[in-house]
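Chemist: My structure file query34.pdb, PDB, C-alpha atoms, pLDDT in the B column, is below:
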ATOM      1  CA  MET A   1     -17.628  18.288 -27.926  1.00 44.00           C
ATOM      2  CA  SER A   2     -18.962  15.698 -25.517  1.00 50.00           C
ATOM      3  CA  ARG A   3     -22.456  15.997 -24.101  1.00 54.00           C
ATOM      4  CA  PHE A   4     -21.185  15.013 -20.678  1.00 52.00           C
ATOM      5  CA  LYS A   5     -18.712  17.304 -18.943  1.00 52.00           C
ATOM      6  CA  ASP A   6     -17.237  14.575 -16.716  1.00 50.00           C
ATOM      7  CA  GLU A   7     -16.271  12.352 -19.647  1.00 52.00           C
ATOM      8  CA  ALA A   8     -14.673  15.289 -21.443  1.00 53.00           C
ATOM      9  CA  GLN A   9     -12.514  15.951 -18.365  1.00 66.00           C
ATOM     10  CA  GLY A  10     -11.451  12.312 -18.051  1.00 75.00           C
ATOM     11  CA  MET A  11     -13.675  11.524 -15.081  1.00 86.00           C
ATOM     12  CA  PRO A  12     -15.283   8.064 -15.046  1.00 86.00           C
ATOM     13  CA  SER A  13     -19.006   7.870 -15.654  1.00 90.00           C
ATOM     14  CA  GLN A  14     -21.451   6.537 -13.078  1.00 92.00           C
ATOM     15  CA  ARG A  15     -21.741   3.332 -15.079  1.00 91.00           C
ATOM     16  CA  GLN A  16     -17.958   2.865 -15.112  1.00 92.00           C
ATOM     17  CA  LEU A  17     -17.840   3.365 -11.360  1.00 93.00           C
ATOM     18  CA  ARG A  18     -20.708   0.935 -10.764  1.00 94.00           C
ATOM     19  CA  VAL A  19     -19.203  -1.770 -13.006  1.00 94.00           C
ATOM     20  CA  GLY A  20     -15.790  -1.260 -11.403  1.00 94.00           C
ATOM     21  CA  GLU A  21     -17.251  -1.702  -7.931  1.00 95.00           C
ATOM     22  CA  LEU A  22     -19.136  -4.863  -8.971  1.00 94.00           C
ATOM     23  CA  LEU A  23     -15.962  -6.298 -10.494  1.00 95.00           C
ATOM     24  CA  ARG A  24     -14.012  -5.418  -7.340  1.00 95.00           C
ATOM     25  CA  LYS A  25     -16.560  -7.165  -5.144  1.00 95.00           C
ATOM     26  CA  GLU A  26     -16.614 -10.351  -7.235  1.00 94.00           C
ATOM     27  CA  LEU A  27     -12.823 -10.539  -7.607  1.00 94.00           C
ATOM     28  CA  SER A  28     -12.358  -9.996  -3.867  1.00 93.00           C
ATOM     29  CA  GLU A  29     -14.745 -12.818  -3.115  1.00 93.00           C
ATOM     30  CA  ILE A  30     -13.090 -15.202  -5.593  1.00 92.00           C
ATOM     31  CA  LEU A  31      -9.609 -14.439  -4.230  1.00 90.00           C
ATOM     32  CA  SER A  32     -10.691 -14.687  -0.595  1.00 89.00           C
ATOM     33  CA  ARG A  33     -12.276 -18.109  -1.149  1.00 89.00           C
ATOM     34  CA  GLY A  34      -9.051 -19.418  -2.661  1.00 84.00           C
ATOM     35  CA  ASP A  35     -10.553 -20.609  -5.951  1.00 83.00           C
ATOM     36  CA  VAL A  36      -7.312 -19.936  -7.834  1.00 87.00           C
ATOM     37  CA  ARG A  37      -4.820 -22.777  -7.479  1.00 89.00           C
ATOM     38  CA  ASP A  38      -1.419 -21.130  -7.481  1.00 89.00           C
ATOM     39  CA  PRO A  39       1.387 -21.575  -4.935  1.00 89.00           C
ATOM     40  CA  VAL A  40       2.007 -17.813  -4.744  1.00 89.00           C
ATOM     41  CA  LEU A  41      -1.653 -16.880  -4.337  1.00 88.00           C
ATOM     42  CA  GLU A  42      -2.299 -19.640  -1.789  1.00 87.00           C
ATOM     43  CA  THR A  43       0.289 -18.147   0.563  1.00 88.00           C
ATOM     44  CA  HIS A  44      -0.856 -14.510   0.274  1.00 88.00           C
ATOM     45  CA  ILE A  45      -3.988 -12.611   1.164  1.00 90.00           C
ATOM     46  CA  VAL A  46      -4.757 -10.246  -1.714  1.00 90.00           C
ATOM     47  CA  ILE A  47      -6.715  -7.011  -1.242  1.00 90.00           C
ATOM     48  CA  VAL A  48      -8.530  -5.407  -4.190  1.00 93.00           C
ATOM     49  CA  PRO A  49      -9.018  -1.725  -3.277  1.00 92.00           C
ATOM     50  CA  GLU A  50     -10.192  -0.520  -6.696  1.00 93.00           C
ATOM     51  CA  VAL A  51     -11.055  -1.570 -10.241  1.00 94.00           C
ATOM     52  CA  ARG A  52     -10.893   1.047 -12.992  1.00 94.00           C
ATOM     53  CA  VAL A  53     -12.915   0.340 -16.117  1.00 94.00           C
ATOM     54  CA  SER A  54     -12.125   1.934 -19.492  1.00 93.00           C
ATOM     55  CA  PRO A  55     -14.833   4.077 -21.131  1.00 93.00           C
ATOM     56  CA  ASP A  56     -15.530   1.381 -23.752  1.00 92.00           C
ATOM     57  CA  PHE A  57     -15.774  -1.326 -21.016  1.00 92.00           C
ATOM     58  CA  LYS A  58     -13.264  -3.558 -22.826  1.00 94.00           C
ATOM     59  CA  HIS A  59     -10.492  -3.273 -20.234  1.00 95.00           C
ATOM     60  CA  ALA A  60     -10.460  -3.214 -16.466  1.00 95.00           C
ATOM     61  CA  THR A  61      -7.373  -2.319 -14.441  1.00 95.00           C
ATOM     62  CA  VAL A  62      -7.476  -4.160 -11.132  1.00 95.00           C
ATOM     63  CA  LEU A  63      -5.405  -2.480  -8.432  1.00 94.00           C
ATOM     64  CA  ILE A  64      -4.231  -5.093  -5.942  1.00 93.00           C
ATOM     65  CA  MET A  65      -2.178  -5.125  -2.767  1.00 90.00           C
ATOM     66  CA  PRO A  66      -0.963  -8.234  -0.964  1.00 89.00           C
ATOM     67  CA  LEU A  67      -1.555  -7.970   2.768  1.00 85.00           C
ATOM     68  CA  GLY A  68       1.694  -6.844   4.333  1.00 80.00           C
ATOM     69  CA  GLY A  69       3.125  -5.857   0.937  1.00 76.00           C
ATOM     70  CA  MET A  70       5.317  -8.938   0.739  1.00 81.00           C
ATOM     71  CA  ASP A  71       6.174 -10.409  -2.701  1.00 87.00           C
ATOM     72  CA  ALA A  72       3.961  -7.860  -4.454  1.00 88.00           C
ATOM     73  CA  GLU A  73       5.468  -8.348  -7.909  1.00 91.00           C
ATOM     74  CA  ALA A  74       5.166 -12.138  -7.661  1.00 92.00           C
ATOM     75  CA  VAL A  75       1.483 -11.794  -6.734  1.00 92.00           C
ATOM     76  CA  VAL A  76       0.838  -9.473  -9.698  1.00 93.00           C
ATOM     77  CA  GLU A  77       2.550 -11.961 -12.030  1.00 94.00           C
ATOM     78  CA  ALA A  78       0.540 -14.879 -10.595  1.00 93.00           C
ATOM     79  CA  LEU A  79      -2.732 -12.996 -11.077  1.00 93.00           C
ATOM     80  CA  GLY A  80      -1.650 -12.140 -14.623  1.00 93.00           C
ATOM     81  CA  ARG A  81      -1.131 -15.838 -15.347  1.00 94.00           C
ATOM     82  CA  HIS A  82      -4.652 -16.618 -14.134  1.00 94.00           C
ATOM     83  CA  ARG A  83      -6.454 -13.595 -15.604  1.00 93.00           C
ATOM     84  CA  LYS A  84      -8.451 -15.627 -18.144  1.00 94.00           C
ATOM     85  CA  TYR A  85      -9.672 -17.974 -15.436  1.00 94.00           C
ATOM     86  CA  LEU A  86     -10.604 -15.038 -13.190  1.00 93.00           C
ATOM     87  CA  ARG A  87     -12.374 -13.311 -16.076  1.00 94.00           C
ATOM     88  CA  GLY A  88     -14.418 -16.461 -16.685  1.00 93.00           C
ATOM     89  CA  GLN A  89     -15.325 -16.791 -13.016  1.00 93.00           C
ATOM     90  CA  VAL A  90     -16.439 -13.174 -12.823  1.00 93.00           C
ATOM     91  CA  ALA A  91     -18.411 -13.526 -16.083  1.00 92.00           C
ATOM     92  CA  ARG A  92     -20.410 -16.397 -14.566  1.00 92.00           C
ATOM     93  CA  ARG A  93     -21.347 -14.240 -11.583  1.00 91.00           C
ATOM     94  CA  MET A  94     -22.197 -10.998 -13.401  1.00 89.00           C
ATOM     95  CA  THR A  95     -24.712 -10.282 -16.127  1.00 87.00           C
ATOM     96  CA  MET A  96     -22.901  -8.106 -18.634  1.00 86.00           C
ATOM     97  CA  LYS A  97     -23.018  -8.186 -22.387  1.00 86.00           C
ATOM     98  CA  PHE A  98     -19.214  -8.175 -22.608  1.00 89.00           C
ATOM     99  CA  MET A  99     -16.765  -8.937 -19.823  1.00 92.00           C
ATOM    100  CA  PRO A 100     -13.715  -6.641 -19.817  1.00 94.00           C
ATOM    101  CA  ASP A 101     -10.174  -7.991 -20.020  1.00 95.00           C
ATOM    102  CA  LEU A 102      -8.504  -7.872 -16.627  1.00 95.00           C
ATOM    103  CA  HIS A 103      -5.140  -6.173 -16.146  1.00 95.00           C
ATOM    104  CA  PHE A 104      -3.557  -6.418 -12.698  1.00 95.00           C
ATOM    105  CA  ARG A 105      -1.454  -3.576 -11.299  1.00 94.00           C
ATOM    106  CA  LEU A 106       0.114  -2.996  -7.910  1.00 91.00           C
ATOM    107  CA  ASP A 107      -1.649  -0.292  -5.889  1.00 87.00           C
ATOM    108  CA  THR A 108       1.045   2.118  -4.712  1.00 82.00           C
ATOM    109  CA  ARG A 109      -1.241   4.842  -3.362  1.00 78.00           C
ATOM    110  CA  PHE A 110      -0.555   3.878   0.271  1.00 72.00           C
ATOM    111  CA  ASP A 111       3.214   4.012  -0.270  1.00 72.00           C
ATOM    112  CA  ASP A 112       2.872   7.407  -1.961  1.00 74.00           C
ATOM    113  CA  ASP A 113       0.825   8.705   0.974  1.00 75.00           C
ATOM    114  CA  ASP A 114       3.475   7.534   3.450  1.00 76.00           C
ATOM    115  CA  ARG A 115       6.245   9.132   1.399  1.00 80.00           C
ATOM    116  CA  ILE A 116       4.416  12.494   1.274  1.00 81.00           C
ATOM    117  CA  THR A 117       3.704  12.339   5.009  1.00 81.00           C
ATOM    118  CA  GLN A 118       7.404  11.727   5.711  1.00 80.00           C
ATOM    119  CA  LEU A 119       8.340  14.676   3.484  1.00 79.00           C
ATOM    120  CA  LEU A 120       5.915  16.977   5.282  1.00 80.00           C
ATOM    121  CA  ARG A 121       7.370  15.974   8.666  1.00 81.00           C
ATOM    122  CA  LYS A 122      10.906  16.996   7.720  1.00 81.00           C
ATOM    123  CA  PRO A 123      12.117  20.007   9.741  1.00 82.00           C
ATOM    124  CA  GLU A 124      12.903  22.064   6.624  1.00 80.00           C
ATOM    125  CA  VAL A 125       9.394  21.618   5.231  1.00 76.00           C
ATOM    126  CA  ALA A 126       7.711  22.176   8.596  1.00 75.00           C
ATOM    127  CA  ARG A 127       9.676  25.419   8.995  1.00 76.00           C
ATOM    128  CA  ASP A 128       8.546  26.593   5.531  1.00 74.00           C
ATOM    129  CA  LEU A 129       4.947  25.708   6.294  1.00 72.00           C
ATOM    130  CA  ASP A 130       5.112  27.662   9.580  1.00 72.00           C
ATOM    131  CA  ASP A 131       6.508  30.696   7.703  1.00 65.00           C
ATOM    132  CA  GLU A 132       3.510  30.665   5.341  1.00 61.00           C
ATOM    133  CA  GLY A 133       1.101  30.714   8.292  1.00 53.00           C
ATOM    134  CA  ASP A 134       2.851  33.808   9.723  1.00 54.00           C
ATOM    135  CA  ASP A 135       2.460  35.760   6.447  1.00 51.00           C
ATOM    136  CA  GLU A 136      -1.320  35.402   6.483  1.00 51.00           C
ATOM    137  CA  GLU A 137      -1.770  37.114   9.851  1.00 47.00           C
TER     138      GLU A 137
END
Do you think you could lay out the structure here as structure tokens?
Modeler:
Amino acid sequence: MSRFKDEAQGMPSQRQLRVGELLRKELSEILSRGDVRDPVLETHIVIVPEVRVSPDFKHATVLIMPLGGMDAEAVVEALGRHRKYLRGQVARRMTMKFMPDLHFRLDTRFDDDDRITQLLRKPEVARDLDDEGDDEE
């Protein structure tokens, strides 16, 4: 059994969260300055909302979203092609014993939120939600 309850439940540790935030900050700065020479990345503004670090700090999943959501898959592929360069740039800026491998994924949380909001606004669902409120009185 683990000494720490959060790790046993799959929650990231404080150190994982801190390293993820530092990685997010550095990657955002590198991408905003335009250090990566790629035709796809030069025409898109890339937002890095979150970086999730594995418990062993060997892998970091970088959630990205191109501004406007246009050509998202092409942007993810372009970042994947330049992941070694980005890892090297981040390693020069941060003082860590080992720099995690970067894996880029599209952040779909905003799309999921919009989809759920649209579902909740449907008349059938709104009617069911109103019926639940009447039962409590």
Chemist: Skipping near chain neighbours, those fewer than 5 positions away, what residues fall within 10 Å of Gly80 of chain A using only C-alpha atoms, listed as a ChimeraX atom specification?
Modeler: /A:74-75,85-86,102-105
Chemist: Mind checking which residues fall within 9 Å of His44 of chain A, counting all atoms listed in the file, ignoring those fewer than 4 positions away in the same chain, and posting them as number ranges by chain?
Modeler: A: 40, 66-67, 70-71, 75
Chemist: Which one of A:Ala126, A:Met96, A:Met65, A:Val76 sits closest to Thr108 of chain A if you count all atoms listed in the file?
Modeler: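 Closest to Thr108 of chain A, using all atoms listed in the file: A:Met65.
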Chemist: Could you list, as a PDB file with C-alpha atoms, in the frame of the given file, every residue within 8 Å of Glu50 of chain A, counting all atoms listed in the file and ignoring same-chain residues fewer than 3 positions away?
Modeler:
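The result, stored in around10.pdb:
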ATOM      1  CA  GLY A  20     -15.790  -1.260 -11.403  1.00 94.00           C
ATOM      2  CA  GLU A  21     -17.251  -1.702  -7.931  1.00 95.00           C
ATOM      3  CA  ARG A  24     -14.012  -5.418  -7.340  1.00 95.00           C
ATOM      4  CA  VAL A  62      -7.476  -4.160 -11.132  1.00 95.00           C
ATOM      5  CA  LEU A  63      -5.405  -2.480  -8.432  1.00 94.00           C
ATOM      6  CA  ILE A  64      -4.231  -5.093  -5.942  1.00 93.00           C
TER       7      ILE A  64
END
Chemist: May I ask for the distance between atom CA of Lys97 of chain A and atom CA of His59 of chain A, given in Å to one decimal place?
Modeler: 13.6 Å
Chemist: Quick one: residues within 8 Å of Leu27 of chain A, only C-alpha atoms counted, chain neighbours fewer than 2 positions away excluded, as number ranges by chain?
Modeler: A: 23-25, 29-31, 48, 86, 90
Chemist: Have a look at A:Ala60, A:Val46, A:Val53, A:Met99 and name the one nearest to Ser13 of chain A; count all atoms listed in the file.
Modeler: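 Among A:Ala60, A:Val46, A:Val53, A:Met99, it is A:Val53 that comes nearest to Ser13 of chain A.
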Chemist: Find the smallest box with edges along x, y and z containing every listed atom of segment 34-45 of chain A, then add 6 Å on each side and report centre and edge lengths in Å to one decimal, as JSON.
Modeler:
{"center_x": -4.3, "center_y": -17.7, "center_z": -3.3, "size_x": 24.6, "size_y": 22.2, "size_z": 21.0}
Chemist: State, in Å with one decimal place, the distance from atom CA of Pro49 of chain A to atom CA of Ala78 of chain A.
Modeler: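 Straight-line distance from atom CA of Pro49 of chain A to atom CA of Ala78 of chain A works out to 17.8 Å.
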Chemist: May I ask for the distance between atom CA of Gln14 of chain A and atom CA of Ala91 of chain A, given in Å to one decimal place?
Modeler: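 Rounded to one decimal, the two atoms are 20.5 Å apart.
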Chemist: I need the output of the PyMOL selection byres ((chain A and resi 55) around 8) for this file as an NGL selection string; which residues are they?
Modeler: :A and (12-13 or 16 or 53-54 or 56-58)
Chemist: Using all atoms listed in the file, which of the listed residues (A:Lys122, A:Arg52, A:His82, A:Arg18) sits closest to Asp35 of chain A?
Modeler: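 Ranking A:Lys122, A:Arg52, A:His82, A:Arg18 by distance to Asp35 of chain A, first place goes to A:His82.
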Chemist: When distances are computed from only C-alpha atoms, which of A:Gln118, A:Thr61, A:Val51, A:Pro100 shows the smallest separation from Leu17 of chain A?
Modeler: A:Val51
